[in-house]
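K.L.:
Got a structure for you, questions after.
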Amino acid sequence: MYKPLIGITAAVSSDQYGKEFLRVYAKNITALEKAGGIPIVIPCNLSSETLRLLYERVDGVLLPGGGDIDPSYYGAELHPTTNSIDPQRDQTEITVARWAVDEKLPIMGICRGHQVFNVALGGTLIQDIASEVTPSLVHESDSSTPRNLLAHSVMVDANSCLAGILHHTQPLVNSIHHQAIGQLAPGLRPTAYSPDGIIEAVEIPEHPFALTVQWHPEDLVDDSDSMLNLFRAFVIAAAKRHEAV
Ligand code: MN
């Protein structure tokens, strides 16, 4: 199979001297490589012209996990628990998500990426599950919890693309988030829910591959073939896209 180029958006991260760096979570890189892709970083401090040129070179885009999205993108006031807003990253990811949907470029989202995807297409977020959803499970594990800890099940729609990829309709997943999808964006189909009703996955049915999940499959690929299959299905869609253009 052709090895497609997969762009992964970076976060801005400042050191103790205020020097800004761009970073990506290493496990996303290793998961993409294991699935047969060639990962490449999409910086979030590019001009719109350069961002577009880079986007045109990649065969798929991964929106990874990270901090919270500026709620002004979905017309809400800042909740006290909303944190780690990264304006350059918000702008970059929202732009790329809209391009990928309009132009049918394969796109996968993880955690923050799942939420950015919904916001980019006109949806809203629950800014703090613990105070806004009752009763709720604990979706936000603390930083001492292993990232591959299976925290809750999700109920997957048996007729979804996701169910076909995972070969499961009630997988256990990790859960490292305090926000969630609120109002669903037009055109998105919810395909998995947690037992307390959080939308844990969405997809766009008429798109070759537009699928996002609220959990972190990159932390589960060593434990679970079905979670590696998510990356494989994405990489295969990206390879097909490359062969089609
Ligand atoms: Mn969860």
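Ligands are numbered from 1 in the order shown, chains are lettered A, B, ... in the order of the structure tokens, and residues start at 1 in each chain.
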Pick out the residues sitting within 8 Å of A:Ala11, and hand them over as a ChimeraX atom specification; count only C-alpha atoms, and ignore anything fewer than 3 positions along from it in its own chain.
P.N.:
/A:22-24,43-44,66,86,89
K.L.:
Quick one: DSSP strand (DSSP E or B) residues in stretch 2-233 of chain A, as number ranges by chain?
P.N.:
A: 5-9, 11-14, 20-23, 38-42, 60-63, 107-110, 125-126, 140, 152-153, 155-156, 172-173, 176, 180-181, 189-193, 199-203, 210-213
K.L.:
What does the list of residues within 7 Å of ligand 1 look like if you count only C-alpha atoms and all ligand atoms, written as a short mmCIF file (atom, residue, chain, number, x, y, z; two decimals) with N, CA and C atoms, in the first residue's frame?
P.N.:
```
data_model
loop_
_atom_site.label_atom_id
_atom_site.label_comp_id
_atom_site.auth_asym_id
_atom_site.auth_seq_id
_atom_site.Cartn_x
_atom_site.Cartn_y
_atom_site.Cartn_z
N HIS A 139 -15.32 11.49 33.73
CA HIS A 139 -14.68 11.43 32.41
C HIS A 139 -13.25 11.97 32.45
N HIS A 152 -14.62 3.83 31.02
CA HIS A 152 -16.06 3.58 30.85
C HIS A 152 -16.29 2.93 29.49
N ASN A 174 -10.60 4.77 27.34
CA ASN A 174 -10.05 5.68 28.33
C ASN A 174 -10.81 7.01 28.26
N SER A 175 -10.65 7.85 29.25
CA SER A 175 -11.45 9.07 29.30
C SER A 175 -10.65 10.15 30.01
N ILE A 176 -10.16 11.12 29.22
CA ILE A 176 -9.26 12.14 29.77
C ILE A 176 -9.74 13.51 29.27
N HIS A 177 -10.98 13.83 29.65
CA HIS A 177 -11.57 15.09 29.15
C HIS A 177 -12.52 15.66 30.17
N SER A 194 -21.45 7.54 25.74
CA SER A 194 -21.14 6.94 27.04
C SER A 194 -22.46 6.64 27.74
N GLU A 200 -19.54 10.38 22.30
CA GLU A 200 -18.13 9.96 22.34
C GLU A 200 -17.53 9.72 20.96
N GLN A 214 -13.95 10.83 21.29
CA GLN A 214 -13.67 11.60 22.49
C GLN A 214 -12.56 10.96 23.34
N TRP A 215 -12.33 9.68 23.13
CA TRP A 215 -11.27 9.02 23.91
C TRP A 215 -9.93 9.14 23.20
#
```
K.L.:
One number please: atom CA of A:Val116 to atom CA of A:Ile69, in Å, one decimal.
P.N.:
7.0 Å
K.L.:
Skipping near chain neighbours, those fewer than 4 positions away, what residues fall within 10 Å of A:Leu162 using only C-alpha atoms, listed as a PyMOL selection string?
P.N.:
chain A and resi 156-158+166-169+191-192+201-203+211-213+229-230+233
K.L.:
Hey, what's within 12 Å of A:Ala239 if we count only C-alpha atoms and toss same-chain stuff fewer than 3 positions away? As a list in words, please?
P.N.:
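Listed by chain and then number, they are Met1, Tyr2, Lys3, Pro4, Leu5, Ile6, Ala35, Gly36, Gly37, Ile38, Val58, Asp59, Gly60, Leu105, Pro106, Pro208, Phe209, Arg232, Ala233, Phe234, Val235, Ile236, His242, Glu243, Ala244 and Val245 of chain A.
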K.L.:
Save out the residues we just selected, N, CA and C atoms, as a PDB file, in the first residue's frame.
P.N.:
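Output contents, as saved in part30.pdb:
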```pdb
ATOM      1  N   MET A   1       0.842  -1.206   0.000  1.00  0.00           N
ATOM      2  CA  MET A   1       0.000   0.000   0.000  1.00  0.00           C
ATOM      3  C   MET A   1       0.876   1.256   0.000  1.00  0.00           C
ATOM      4  N   TYR A   2       0.428   2.237  -0.741  1.00  0.00           N
ATOM      5  CA  TYR A   2       1.084   3.540  -0.698  1.00  0.00           C
ATOM      6  C   TYR A   2       1.052   4.069   0.738  1.00  0.00           C
ATOM      7  N   LYS A   3       2.158   4.647   1.194  1.00  0.00           N
ATOM      8  CA  LYS A   3       2.188   5.205   2.551  1.00  0.00           C
ATOM      9  C   LYS A   3       1.817   6.685   2.489  1.00  0.00           C
ATOM     10  N   PRO A   4       0.628   7.022   2.933  1.00  0.00           N
ATOM     11  CA  PRO A   4       0.178   8.409   2.798  1.00  0.00           C
ATOM     12  C   PRO A   4       0.825   9.340   3.829  1.00  0.00           C
ATOM     13  N   LEU A   5       0.880  10.600   3.451  1.00  0.00           N
ATOM     14  CA  LEU A   5       1.405  11.646   4.329  1.00  0.00           C
ATOM     15  C   LEU A   5       0.246  12.156   5.197  1.00  0.00           C
ATOM     16  N   ILE A   6       0.421  12.023   6.503  1.00  0.00           N
ATOM     17  CA  ILE A   6      -0.643  12.443   7.428  1.00  0.00           C
ATOM     18  C   ILE A   6      -0.174  13.661   8.223  1.00  0.00           C
ATOM     19  N   ALA A  35       0.346   2.262  11.856  1.00  0.00           N
ATOM     20  CA  ALA A  35      -0.802   2.026  10.971  1.00  0.00           C
ATOM     21  C   ALA A  35      -0.447   2.160   9.495  1.00  0.00           C
ATOM     22  N   GLY A  36       0.821   2.524   9.187  1.00  0.00           N
ATOM     23  CA  GLY A  36       1.246   2.582   7.791  1.00  0.00           C
ATOM     24  C   GLY A  36       1.316   3.975   7.188  1.00  0.00           C
ATOM     25  N   GLY A  37       1.173   4.995   8.017  1.00  0.00           N
ATOM     26  CA  GLY A  37       1.232   6.363   7.507  1.00  0.00           C
ATOM     27  C   GLY A  37       2.591   7.001   7.730  1.00  0.00           C
ATOM     28  N   ILE A  38       2.830   8.111   7.059  1.00  0.00           N
ATOM     29  CA  ILE A  38       4.023   8.924   7.302  1.00  0.00           C
ATOM     30  C   ILE A  38       3.546  10.214   7.966  1.00  0.00           C
ATOM     31  N   VAL A  58      -0.754  17.088   1.990  1.00  0.00           N
ATOM     32  CA  VAL A  58      -1.018  15.915   2.828  1.00  0.00           C
ATOM     33  C   VAL A  58      -2.213  15.131   2.292  1.00  0.00           C
ATOM     34  N   ASP A  59      -2.272  13.836   2.684  1.00  0.00           N
ATOM     35  CA  ASP A  59      -3.342  12.946   2.232  1.00  0.00           C
ATOM     36  C   ASP A  59      -4.410  12.760   3.313  1.00  0.00           C
ATOM     37  N   GLY A  60      -4.136  13.277   4.501  1.00  0.00           N
ATOM     38  CA  GLY A  60      -5.084  13.177   5.604  1.00  0.00           C
ATOM     39  C   GLY A  60      -4.615  14.074   6.733  1.00  0.00           C
ATOM     40  N   LEU A 105     -11.186  15.449   2.228  1.00  0.00           N
ATOM     41  CA  LEU A 105      -9.877  14.919   2.637  1.00  0.00           C
ATOM     42  C   LEU A 105     -10.097  14.120   3.921  1.00  0.00           C
ATOM     43  N   PRO A 106      -9.533  12.909   4.023  1.00  0.00           N
ATOM     44  CA  PRO A 106      -9.702  12.134   5.258  1.00  0.00           C
ATOM     45  C   PRO A 106      -9.237  12.920   6.498  1.00  0.00           C
ATOM     46  N   PRO A 208     -15.459  10.301   2.715  1.00  0.00           N
ATOM     47  CA  PRO A 208     -14.635   9.070   2.681  1.00  0.00           C
ATOM     48  C   PRO A 208     -14.094   8.662   4.057  1.00  0.00           C
ATOM     49  N   PHE A 209     -13.708   9.633   4.879  1.00  0.00           N
ATOM     50  CA  PHE A 209     -13.312   9.324   6.259  1.00  0.00           C
ATOM     51  C   PHE A 209     -13.293  10.629   7.050  1.00  0.00           C
ATOM     52  N   ARG A 232      -5.563   2.546  11.285  1.00  0.00           N
ATOM     53  CA  ARG A 232      -5.390   1.856  10.003  1.00  0.00           C
ATOM     54  C   ARG A 232      -6.459   2.293   9.000  1.00  0.00           C
ATOM     55  N   ALA A 233      -7.700   2.359   9.453  1.00  0.00           N
ATOM     56  CA  ALA A 233      -8.797   2.742   8.546  1.00  0.00           C
ATOM     57  C   ALA A 233      -8.588   4.168   8.029  1.00  0.00           C
ATOM     58  N   PHE A 234      -8.112   5.029   8.907  1.00  0.00           N
ATOM     59  CA  PHE A 234      -7.821   6.414   8.524  1.00  0.00           C
ATOM     60  C   PHE A 234      -6.687   6.461   7.499  1.00  0.00           C
ATOM     61  N   VAL A 235      -5.629   5.726   7.765  1.00  0.00           N
ATOM     62  CA  VAL A 235      -4.458   5.715   6.868  1.00  0.00           C
ATOM     63  C   VAL A 235      -4.836   5.110   5.506  1.00  0.00           C
ATOM     64  N   ILE A 236      -5.654   4.064   5.512  1.00  0.00           N
ATOM     65  CA  ILE A 236      -6.104   3.462   4.242  1.00  0.00           C
ATOM     66  C   ILE A 236      -6.933   4.468   3.433  1.00  0.00           C
ATOM     67  N   HIS A 242      -4.926   9.644  -1.971  1.00  0.00           N
ATOM     68  CA  HIS A 242      -3.726   9.977  -2.735  1.00  0.00           C
ATOM     69  C   HIS A 242      -3.788   9.367  -4.130  1.00  0.00           C
ATOM     70  N   GLU A 243      -4.246   8.112  -4.177  1.00  0.00           N
ATOM     71  CA  GLU A 243      -4.297   7.414  -5.476  1.00  0.00           C
ATOM     72  C   GLU A 243      -5.371   8.005  -6.386  1.00  0.00           C
ATOM     73  N   ALA A 244      -6.378   8.640  -5.786  1.00  0.00           N
ATOM     74  CA  ALA A 244      -7.492   9.191  -6.581  1.00  0.00           C
ATOM     75  C   ALA A 244      -7.158  10.559  -7.194  1.00  0.00           C
ATOM     76  N   VAL A 245      -6.190  11.284  -6.600  1.00  0.00           N
ATOM     77  CA  VAL A 245      -5.910  12.643  -7.106  1.00  0.00           C
ATOM     78  C   VAL A 245      -4.650  12.687  -7.971  1.00  0.00           C
TER      79      VAL A 245
END
```
K.L.:
Just to confirm, what's the straight-line distance from atom CA of A:Gly182 to atom CA of A:Asn45 in Å (one decimal)?
P.N.:
28.5 Å
K.L.:
Excluding same-chain residues fewer than 4 positions from A:Ile29, what lies within 9 Å of it counting only C-alpha atoms, as a ChimeraX atom specification?
P.N.:
/A:8,24-25,33-34,38-40,218
K.L.:
Which residues are near A:Pro146? Cut-off 12 Å, only C-alpha atoms, ignore same chain within fewer than 3 positions. Put them as a list in words.
P.N.:
Ser141, Asp142, Ser143, Leu149, Leu150, Ala151, Asn174, Ser175, Ile176, His216, Asp219 and Leu220 of chain A
K.L.:
Mind dumping the selected residues with all heavy atoms as a short mmCIF file (atom, residue, chain, number, x, y, z; two decimals), in the first residue's frame?
P.N.:
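Output file part_26.cif follows:
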```
data_model
loop_
_atom_site.label_atom_id
_atom_site.label_comp_id
_atom_site.auth_asym_id
_atom_site.auth_seq_id
_atom_site.Cartn_x
_atom_site.Cartn_y
_atom_site.Cartn_z
N SER A 141 -9.90 11.74 34.13
CA SER A 141 -9.02 11.06 35.08
C SER A 141 -7.90 12.02 35.46
O SER A 141 -7.52 12.89 34.68
CB SER A 141 -8.46 9.80 34.44
OG SER A 141 -7.87 10.09 33.21
N ASP A 142 -7.37 11.90 36.67
CA ASP A 142 -6.31 12.84 37.07
C ASP A 142 -4.98 12.43 36.44
O ASP A 142 -4.85 11.33 35.87
CB ASP A 142 -6.23 13.00 38.59
CG ASP A 142 -5.82 11.73 39.29
OD1 ASP A 142 -4.81 11.13 38.91
OD2 ASP A 142 -6.54 11.33 40.24
N SER A 143 -3.99 13.30 36.55
CA SER A 143 -2.75 13.12 35.78
C SER A 143 -1.93 11.91 36.26
O SER A 143 -1.04 11.46 35.55
CB SER A 143 -1.92 14.39 35.82
OG SER A 143 -1.72 14.77 37.16
N LEU A 149 -5.85 3.55 30.99
CA LEU A 149 -6.87 3.00 31.90
C LEU A 149 -8.25 3.05 31.23
O LEU A 149 -8.66 4.11 30.76
CB LEU A 149 -6.92 3.79 33.21
CG LEU A 149 -7.95 3.22 34.19
CD1 LEU A 149 -7.30 2.19 35.10
CD2 LEU A 149 -8.59 4.31 35.02
N LEU A 150 -8.93 1.91 31.21
CA LEU A 150 -10.26 1.86 30.60
C LEU A 150 -11.27 2.37 31.62
O LEU A 150 -11.49 1.74 32.66
CB LEU A 150 -10.55 0.44 30.14
CG LEU A 150 -9.56 -0.06 29.07
CD1 LEU A 150 -9.75 -1.55 28.79
CD2 LEU A 150 -9.67 0.77 27.79
N ALA A 151 -11.85 3.54 31.34
CA ALA A 151 -12.64 4.25 32.35
C ALA A 151 -14.13 4.00 32.24
O ALA A 151 -14.85 4.00 33.23
CB ALA A 151 -12.37 5.75 32.24
N ASN A 174 -10.60 4.77 27.34
CA ASN A 174 -10.05 5.68 28.33
C ASN A 174 -10.81 7.01 28.26
O ASN A 174 -11.57 7.24 27.30
CB ASN A 174 -8.53 5.85 28.12
CG ASN A 174 -8.15 6.16 26.68
OD1 ASN A 174 -9.00 6.21 25.81
ND2 ASN A 174 -6.87 6.35 26.44
N SER A 175 -10.65 7.85 29.25
CA SER A 175 -11.45 9.07 29.30
C SER A 175 -10.65 10.15 30.01
O SER A 175 -10.44 10.08 31.23
CB SER A 175 -12.77 8.77 30.04
OG SER A 175 -13.68 9.84 29.88
N ILE A 176 -10.16 11.12 29.22
CA ILE A 176 -9.26 12.14 29.77
C ILE A 176 -9.74 13.51 29.27
O ILE A 176 -9.06 14.20 28.55
CB ILE A 176 -7.79 11.84 29.33
CG1 ILE A 176 -7.43 10.36 29.55
CG2 ILE A 176 -6.81 12.76 30.08
CD1 ILE A 176 -6.14 9.91 28.88
N HIS A 216 -8.91 8.44 23.74
CA HIS A 216 -7.55 8.54 23.20
C HIS A 216 -7.07 7.19 22.67
O HIS A 216 -6.35 6.46 23.36
CB HIS A 216 -6.59 9.04 24.29
CG HIS A 216 -6.70 10.50 24.57
ND1 HIS A 216 -5.94 11.45 23.92
CD2 HIS A 216 -7.51 11.18 25.40
CE1 HIS A 216 -6.26 12.66 24.34
NE2 HIS A 216 -7.21 12.52 25.25
N ASP A 219 -3.35 5.98 22.94
CA ASP A 219 -2.84 5.39 24.18
C ASP A 219 -3.28 3.94 24.35
O ASP A 219 -2.93 3.30 25.35
CB ASP A 219 -3.34 6.20 25.39
CG ASP A 219 -2.70 7.57 25.45
OD1 ASP A 219 -1.46 7.64 25.39
OD2 ASP A 219 -3.44 8.57 25.53
N LEU A 220 -4.06 3.43 23.41
CA LEU A 220 -4.61 2.07 23.53
C LEU A 220 -4.12 1.13 22.43
O LEU A 220 -4.44 -0.06 22.46
CB LEU A 220 -6.16 2.13 23.50
CG LEU A 220 -6.81 2.97 24.61
CD1 LEU A 220 -8.32 3.09 24.38
CD2 LEU A 220 -6.53 2.40 25.99
#
```
K.L.:
What does the structure give for the distance between atom CA of A:Ile126 and atom CA of A:Asn28, in Å to one decimal?
P.N.:
25.2 Å
K.L.:
Quick one: DSSP helix (DSSP H, G or I) residues in stretch 126-229 of chain A, as a PyMOL selection string?
P.N.:
chain A and resi 129-132+161-166+217-219+225-229
K.L.:
Any idea what's packed within 12 Å of A:Ala210, counting only C-alpha atoms, ignoring anything in its chain fewer than 4 positions away? Could you give it as a ChimeraX atom specification?
P.N.:
/A:60-63,97-110,113-114,117-118,160-162,187-191,201-206,230,233-235,237-238
K.L.:
Could you dump the residues just selected with C-alpha atoms as an mmCIF file, in the first residue's frame?
P.N.:
```
data_model
loop_
_atom_site.group_PDB
_atom_site.id
_atom_site.type_symbol
_atom_site.label_atom_id
_atom_site.label_comp_id
_atom_site.auth_asym_id
_atom_site.auth_seq_id
_atom_site.Cartn_x
_atom_site.Cartn_y
_atom_site.Cartn_z
ATOM 1 C CA GLY A 60 -5.084 13.177 5.604
ATOM 2 C CA VAL A 61 -5.205 15.295 8.757
ATOM 3 C CA LEU A 62 -5.191 14.210 12.395
ATOM 4 C CA LEU A 63 -6.544 16.678 14.966
ATOM 5 C CA ALA A 97 -11.232 20.919 9.560
ATOM 6 C CA ARG A 98 -13.524 22.975 7.303
ATOM 7 C CA TRP A 99 -11.279 22.427 4.277
ATOM 8 C CA ALA A 100 -11.122 18.688 4.916
ATOM 9 C CA VAL A 101 -14.907 18.405 5.183
ATOM 10 C CA ASP A 102 -15.592 20.539 2.092
ATOM 11 C CA GLU A 103 -12.916 18.844 0.000
ATOM 12 C CA LYS A 104 -13.412 15.298 1.310
ATOM 13 C CA LEU A 105 -9.877 14.919 2.637
ATOM 14 C CA PRO A 106 -9.702 12.134 5.258
ATOM 15 C CA ILE A 107 -9.742 13.615 8.759
ATOM 16 C CA MET A 108 -9.610 11.991 12.174
ATOM 17 C CA GLY A 109 -10.053 13.742 15.519
ATOM 18 C CA ILE A 110 -9.075 12.738 19.026
ATOM 19 C CA GLY A 113 -9.907 17.178 17.943
ATOM 20 C CA HIS A 114 -13.391 15.645 18.313
ATOM 21 C CA PHE A 117 -14.398 19.299 14.637
ATOM 22 C CA ASN A 118 -17.878 19.895 16.048
ATOM 23 C CA SER A 160 -21.799 3.169 11.793
ATOM 24 C CA CYS A 161 -18.451 3.211 10.060
ATOM 25 C CA LEU A 162 -16.917 3.205 13.569
ATOM 26 C CA GLY A 187 -24.172 17.056 9.054
ATOM 27 C CA LEU A 188 -22.488 15.164 11.888
ATOM 28 C CA ARG A 189 -23.834 11.798 12.935
ATOM 29 C CA PRO A 190 -23.269 10.757 16.545
ATOM 30 C CA THR A 191 -22.067 7.148 16.507
ATOM 31 C CA ALA A 201 -17.805 9.659 18.537
ATOM 32 C CA VAL A 202 -19.149 11.279 15.385
ATOM 33 C CA GLU A 203 -18.758 10.746 11.670
ATOM 34 C CA ILE A 204 -19.937 12.236 8.371
ATOM 35 C CA PRO A 205 -21.679 9.468 6.420
ATOM 36 C CA GLU A 206 -21.072 10.801 2.887
ATOM 37 C CA LEU A 230 -9.007 3.175 13.831
ATOM 38 C CA ALA A 233 -8.797 2.742 8.546
ATOM 39 C CA PHE A 234 -7.821 6.414 8.524
ATOM 40 C CA VAL A 235 -4.458 5.715 6.868
ATOM 41 C CA ALA A 237 -8.611 6.232 3.424
ATOM 42 C CA ALA A 238 -5.699 8.686 3.080
#
```
